[in-house]
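J.: After the structure tokens below, expect a handful of questions from me.
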There are 2 protein chains.
Amino acid sequence: MTGSLTVVGLGPGAPELTTPAVSMALREATDLVGYDTYLARVPETETGQRRHSSGNRVETERARQALQLAAEGRSVALISSGDPGVFAMAAAVFEAIEKGDAAWRALDVRVQPGVTAMLAAAAHAGAPLGGDFCAISLSDNLKAWATIEQRLEAAARGDFVIALYNPASRARPEQLGRALELLRQRKAPETVVVYVRAAGTSEMKLSVTTLGATDQPDADMRTLVVVGSSATRIIPRDGAPPWVYTPRSEEARA
Amino acid sequence: MTGSLTVVGLGPGAPELTTPAVSMALREATDLVGYDTYLARVPETETGQRRHSSGNRVETERARQALQLAAEGRSVALISSGDPGVFAMAAAVFEAIEKGDAAWRALDVRVQPGVTAMLAAAAHAGAPLGGDFCAISLSDNLKAWATIEQRLEAAARGDFVIALYNPASRARPEQLGRALELLRQRKAPETVVVYVRAAGTSEMKLSVTTLGATDQPDADMRTLVVVGSSATRIIPRDGAPPWVYTPRSEEARA
């Protein structure tokens, strides 16, 4: 008997942003493995599906558990929020495969994409990712802060729109401030900055400011921050939040 | 009577990758506006929905047409492939709003995110976007080639994983070769390169190589190219395509 492992992305939160392909993979699985908060978002089936929930900080153990269950012949769905390939579980799975049991390379392992947080955040704000962009996680749990600084500098030098994931947490309250300070030294003060909290959920909250004005950023792990390129623009509106977009074309860029 | 405009992303191709939120927006619209190839992917309804199709190269006219219909009181869905905010129609809409009729700013304009091509391509290959990454369009229809080179250089300097959209077309057969040559001068020859054609469709095709070996790239507008960071790895498998992933952690990065 051969098991399988599908790594799925639920999308950013609202059920209507979960793809039908992911919903089907969740229904067909014999075993669901995931961080308890994400598992709680998956509707119960009537087929006696087993649920294996775990804490937030145990990605490697969770990946190994999912692979072990698949190796035992189970049909496993391993659950990520957003897209599993963007700062989520898919890389942890392949890392575990490379370091783990050689037999795991023969398993049927698939990844089902999803809507990652920056796409939902951008859609809520308008179209800030309309030009070339990059995505940087500000968490230094798994990489050195010097690497993050090197990437922020390069992103500023390339005049990319910058999406910042994991901007802050209780254990790391200062990262976002340091990142914005670095960018403030390299980009114009009128550079547009967008905060979207709980993107893609019913609690979504948008805040639009500029790099020069945002010295007290209010963000947590559920916030996605977008720092514009030199071309990113704000469209003010009467009695409604502004729209933010980055034109596809460059008109007299410096 | 107040109209509305929802800019939707169908996802990369397979219907099961279109979010329920987008499917609902398409069903509820009185008017569908889009490039004919994308419009053809939307199932017909029985409600007498009007369809307004146009060619590929008329983004601005299409955006203005959609806004005009909304201003006339229609409920319009404007259709993109992938995610509408990534090298697609959402930015064109906000550009048209900013330059257009002041009344358009009062319209109910929304963007519904979707699965963009690089996420589907990455999922098919494994998890190549597992670290920090950037997305660059190689089309110089709307920006100078010098800007593209500046961004490629910055992306190499920051050791980002690089997703290349619009790598080549009949009118621009040489861009991808020039981009890879630039990267070859700045990154190690063993840097992993992934080509995914028709990502997220039943015709999906994967090819894995290295920057040093890929001197004759075979790509068209339906190809998504991922150039790895220094950390991106290949997991070889017997009798199956290799998996490609970028570890979340940096282990002894240079």
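How things are named: the first chain in the structure tokens is A, the next is B, and so on; residues count from 1 in each chain; ligands count from 1 in the order shown.
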Using only C-alpha atoms, what does the table of chain A residues within 7 Å of chain B look like, with each row giving the shortest atom pair and its distance in Å to one decimal, sorted by chain and ascending number, as JSON lines?

T.:
```
{"residue": "A:Glu16", "atom": "CA", "partner": "B:Pro20", "partner_atom": "CA", "distance": 4.9}
{"residue": "A:Leu17", "atom": "CA", "partner": "B:Thr19", "partner_atom": "CA", "distance": 5.3}
{"residue": "A:Thr18", "atom": "CA", "partner": "B:Thr19", "partner_atom": "CA", "distance": 6.0}
{"residue": "A:Thr19", "atom": "CA", "partner": "B:Thr19", "partner_atom": "CA", "distance": 4.7}
{"residue": "A:Pro20", "atom": "CA", "partner": "B:Glu16", "partner_atom": "CA", "distance": 4.9}
{"residue": "A:Ala21", "atom": "CA", "partner": "B:Glu16", "partner_atom": "CA", "distance": 4.9}
{"residue": "A:Gly85", "atom": "CA", "partner": "B:Ala127", "partner_atom": "CA", "distance": 5.2}
{"residue": "A:Val86", "atom": "CA", "partner": "B:Gly130", "partner_atom": "CA", "distance": 5.6}
{"residue": "A:Phe87", "atom": "CA", "partner": "B:Gly130", "partner_atom": "CA", "distance": 5.9}
{"residue": "A:Ala90", "atom": "CA", "partner": "B:Ala127", "partner_atom": "CA", "distance": 5.7}
{"residue": "A:Ala91", "atom": "CA", "partner": "B:Ala127", "partner_atom": "CA", "distance": 5.2}
{"residue": "A:Phe94", "atom": "CA", "partner": "B:Tyr245", "partner_atom": "CA", "distance": 6.5}
{"residue": "A:Glu95", "atom": "CA", "partner": "B:Pro247", "partner_atom": "CA", "distance": 6.4}
{"residue": "A:Glu98", "atom": "CA", "partner": "B:Ile235", "partner_atom": "CA", "distance": 6.5}
{"residue": "A:Arg105", "atom": "CA", "partner": "B:Arg237", "partner_atom": "CA", "distance": 6.2}
{"residue": "A:Val111", "atom": "CA", "partner": "B:Ala123", "partner_atom": "CA", "distance": 4.9}
{"residue": "A:Gln112", "atom": "CA", "partner": "B:Ala123", "partner_atom": "CA", "distance": 6.2}
{"residue": "A:Pro113", "atom": "CA", "partner": "B:Ala120", "partner_atom": "CA", "distance": 5.7}
{"residue": "A:Gly114", "atom": "CA", "partner": "B:Val115", "partner_atom": "CA", "distance": 6.0}
{"residue": "A:Val115", "atom": "CA", "partner": "B:Val115", "partner_atom": "CA", "distance": 5.3}
{"residue": "A:Leu119", "atom": "CA", "partner": "B:Pro113", "partner_atom": "CA", "distance": 5.9}
{"residue": "A:Ala120", "atom": "CA", "partner": "B:Pro113", "partner_atom": "CA", "distance": 5.7}
{"residue": "A:Ala123", "atom": "CA", "partner": "B:Val111", "partner_atom": "CA", "distance": 4.9}
{"residue": "A:His124", "atom": "CA", "partner": "B:Val111", "partner_atom": "CA", "distance": 6.7}
{"residue": "A:Gly126", "atom": "CA", "partner": "B:Val111", "partner_atom": "CA", "distance": 6.8}
{"residue": "A:Ala127", "atom": "CA", "partner": "B:Gly85", "partner_atom": "CA", "distance": 5.2}
{"residue": "A:Leu129", "atom": "CA", "partner": "B:Gly85", "partner_atom": "CA", "distance": 6.0}
{"residue": "A:Gly130", "atom": "CA", "partner": "B:Ala91", "partner_atom": "CA", "distance": 5.3}
{"residue": "A:Gly131", "atom": "CA", "partner": "B:Phe87", "partner_atom": "CA", "distance": 6.6}
{"residue": "A:Asp132", "atom": "CA", "partner": "B:Ile136", "partner_atom": "CA", "distance": 4.8}
{"residue": "A:Phe133", "atom": "CA", "partner": "B:Ala135", "partner_atom": "CA", "distance": 5.5}
{"residue": "A:Cys134", "atom": "CA", "partner": "B:Cys134", "partner_atom": "CA", "distance": 3.7}
{"residue": "A:Ala135", "atom": "CA", "partner": "B:Phe133", "partner_atom": "CA", "distance": 5.5}
{"residue": "A:Ile136", "atom": "CA", "partner": "B:Asp132", "partner_atom": "CA", "distance": 4.8}
{"residue": "A:Ser137", "atom": "CA", "partner": "B:Asp132", "partner_atom": "CA", "distance": 6.5}
{"residue": "A:Leu142", "atom": "CA", "partner": "B:Ser249", "partner_atom": "CA", "distance": 4.5}
{"residue": "A:Lys143", "atom": "CA", "partner": "B:Glu250", "partner_atom": "CA", "distance": 5.5}
{"residue": "A:Gln150", "atom": "CA", "partner": "B:Gly158", "partner_atom": "CA", "distance": 5.9}
{"residue": "A:Arg151", "atom": "CA", "partner": "B:Gly158", "partner_atom": "CA", "distance": 4.6}
{"residue": "A:Ala154", "atom": "CA", "partner": "B:Ala154", "partner_atom": "CA", "distance": 5.0}
{"residue": "A:Ala155", "atom": "CA", "partner": "B:Ala154", "partner_atom": "CA", "distance": 6.6}
{"residue": "A:Arg157", "atom": "CA", "partner": "B:Ala154", "partner_atom": "CA", "distance": 6.3}
{"residue": "A:Gly158", "atom": "CA", "partner": "B:Arg151", "partner_atom": "CA", "distance": 4.6}
{"residue": "A:Ile235", "atom": "CA", "partner": "B:Glu98", "partner_atom": "CA", "distance": 6.5}
{"residue": "A:Arg237", "atom": "CA", "partner": "B:Arg105", "partner_atom": "CA", "distance": 6.2}
{"residue": "A:Tyr245", "atom": "CA", "partner": "B:Ala91", "partner_atom": "CA", "distance": 6.0}
{"residue": "A:Thr246", "atom": "CA", "partner": "B:Ala91", "partner_atom": "CA", "distance": 6.3}
{"residue": "A:Pro247", "atom": "CA", "partner": "B:Ala91", "partner_atom": "CA", "distance": 5.7}
{"residue": "A:Arg248", "atom": "CA", "partner": "B:Ala91", "partner_atom": "CA", "distance": 6.4}
{"residue": "A:Ser249", "atom": "CA", "partner": "B:Leu142", "partner_atom": "CA", "distance": 4.5}
{"residue": "A:Glu250", "atom": "CA", "partner": "B:Lys143", "partner_atom": "CA", "distance": 5.5}
```

J.: Where does DSSP see strand (DSSP E) in segment 112-147 of chain A, if you list the residues as a PyMOL selection string?

T.: chain A and resi 112+126-127+133-137

J.: Save out the residues we just selected, N, CA and C atoms, as a PDB file, in the first residue's frame.

T.:
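Written output follows (out_38.pdb):
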```pdb
ATOM      1  N   GLN A 112      -0.199  21.833  -3.127  1.00  0.00           N
ATOM      2  CA  GLN A 112      -1.348  22.527  -3.726  1.00  0.00           C
ATOM      3  C   GLN A 112      -1.255  24.004  -3.363  1.00  0.00           C
ATOM      4  N   GLY A 126      -5.628  47.894  -3.242  1.00  0.00           N
ATOM      5  CA  GLY A 126      -5.695  48.353  -4.629  1.00  0.00           C
ATOM      6  C   GLY A 126      -4.815  47.446  -5.476  1.00  0.00           C
ATOM      7  N   ALA A 127      -3.661  47.959  -5.900  1.00  0.00           N
ATOM      8  CA  ALA A 127      -2.734  47.130  -6.684  1.00  0.00           C
ATOM      9  C   ALA A 127      -1.291  47.564  -6.417  1.00  0.00           C
ATOM     10  N   PHE A 133       8.344  43.146  -7.691  1.00  0.00           N
ATOM     11  CA  PHE A 133       8.261  43.204  -6.224  1.00  0.00           C
ATOM     12  C   PHE A 133       9.065  42.076  -5.593  1.00  0.00           C
ATOM     13  N   CYS A 134       9.310  42.201  -4.292  1.00  0.00           N
ATOM     14  CA  CYS A 134       9.909  41.082  -3.590  1.00  0.00           C
ATOM     15  C   CYS A 134       9.223  40.872  -2.253  1.00  0.00           C
ATOM     16  N   ALA A 135       9.421  39.681  -1.724  1.00  0.00           N
ATOM     17  CA  ALA A 135       8.816  39.264  -0.458  1.00  0.00           C
ATOM     18  C   ALA A 135       9.932  38.858   0.483  1.00  0.00           C
ATOM     19  N   ILE A 136       9.938  39.479   1.657  1.00  0.00           N
ATOM     20  CA  ILE A 136      10.987  39.237   2.650  1.00  0.00           C
ATOM     21  C   ILE A 136      10.316  38.938   3.986  1.00  0.00           C
ATOM     22  N   SER A 137      10.729  37.859   4.629  1.00  0.00           N
ATOM     23  CA  SER A 137      10.269  37.598   5.989  1.00  0.00           C
ATOM     24  C   SER A 137      11.212  38.280   6.957  1.00  0.00           C
TER      25      SER A 137
END
```

J.: Would you please give, as a PyMOL selection string, all residues of segment 20-244 of chain A that DSSP assigns to helix (DSSP H, G or I) based on the backbone?

T.: chain A and resi 20-28+36-39+59-71+89-99+102-106+117-125+145-157+175-184

J.: If we count only C-alpha atoms and set the cut-off at 8 Å, which residues sit around Tyr38 of chain B, ignoring sequence neighbours fewer than 4 positions away in its own chain? Please answer as a VMD selection string.

T.: chain B and resid 34 42 79 to 81

J.: Write to file, as an mmCIF file, in the first residue's frame, the residues of the selection just made, with N, CA and C atoms.

T.:
```
data_model
loop_
_atom_site.group_PDB
_atom_site.id
_atom_site.type_symbol
_atom_site.label_atom_id
_atom_site.label_comp_id
_atom_site.auth_asym_id
_atom_site.auth_seq_id
_atom_site.Cartn_x
_atom_site.Cartn_y
_atom_site.Cartn_z
ATOM 1 N N GLY B 34 -12.945 41.177 -20.641
ATOM 2 C CA GLY B 34 -11.640 40.516 -20.559
ATOM 3 C C GLY B 34 -11.042 40.196 -21.909
ATOM 4 N N VAL B 42 -14.390 31.195 -18.671
ATOM 5 C CA VAL B 42 -15.483 31.419 -17.717
ATOM 6 C C VAL B 42 -16.747 30.728 -18.217
ATOM 7 N N ILE B 79 -11.677 40.495 -15.980
ATOM 8 C CA ILE B 79 -11.022 39.200 -15.795
ATOM 9 C C ILE B 79 -9.535 39.233 -16.109
ATOM 10 N N SER B 80 -8.744 38.765 -15.129
ATOM 11 C CA SER B 80 -7.323 38.519 -15.323
ATOM 12 C C SER B 80 -7.074 37.024 -15.187
ATOM 13 N N SER B 81 -5.975 36.571 -15.719
ATOM 14 C CA SER B 81 -5.458 35.257 -15.359
ATOM 15 C C SER B 81 -4.673 35.416 -14.057
#
```

J.: Please, what distance in Å, to one decimal, runs between atom CA of Ser229 of chain A and atom CA of Asn166 of chain A?

T.: 20.1 Å

J.: Using only C-alpha atoms, which residues sit within 6 Å of segment 53-59 of chain B once same-chain residues fewer than 2 positions away are excluded, as an mmCIF file with C-alpha atoms, in the first residue's frame?

T.:
```cif
data_model
loop_
_atom_site.group_PDB
_atom_site.id
_atom_site.type_symbol
_atom_site.label_atom_id
_atom_site.label_comp_id
_atom_site.auth_asym_id
_atom_site.auth_seq_id
_atom_site.Cartn_x
_atom_site.Cartn_y
_atom_site.Cartn_z
ATOM 1 C CA VAL B 33 -14.904 42.205 -19.569
ATOM 2 C CA GLY B 34 -11.640 40.516 -20.559
ATOM 3 C CA TYR B 35 -9.039 39.302 -22.987
ATOM 4 C CA ASP B 36 -10.839 36.747 -25.155
ATOM 5 C CA GLU B 61 -8.798 50.525 -23.132
ATOM 6 C CA ARG B 62 -10.176 47.425 -21.405
#
```

J.: Which residue out of A:Glu44, A:Glu174, A:Glu181, A:Asp31 has the minimum interatomic distance to Gly212 of chain A when only C-alpha atoms are used?

T.: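 Once distances to Gly212 of chain A are computed over only C-alpha atoms, the minimum belongs to A:Glu181.
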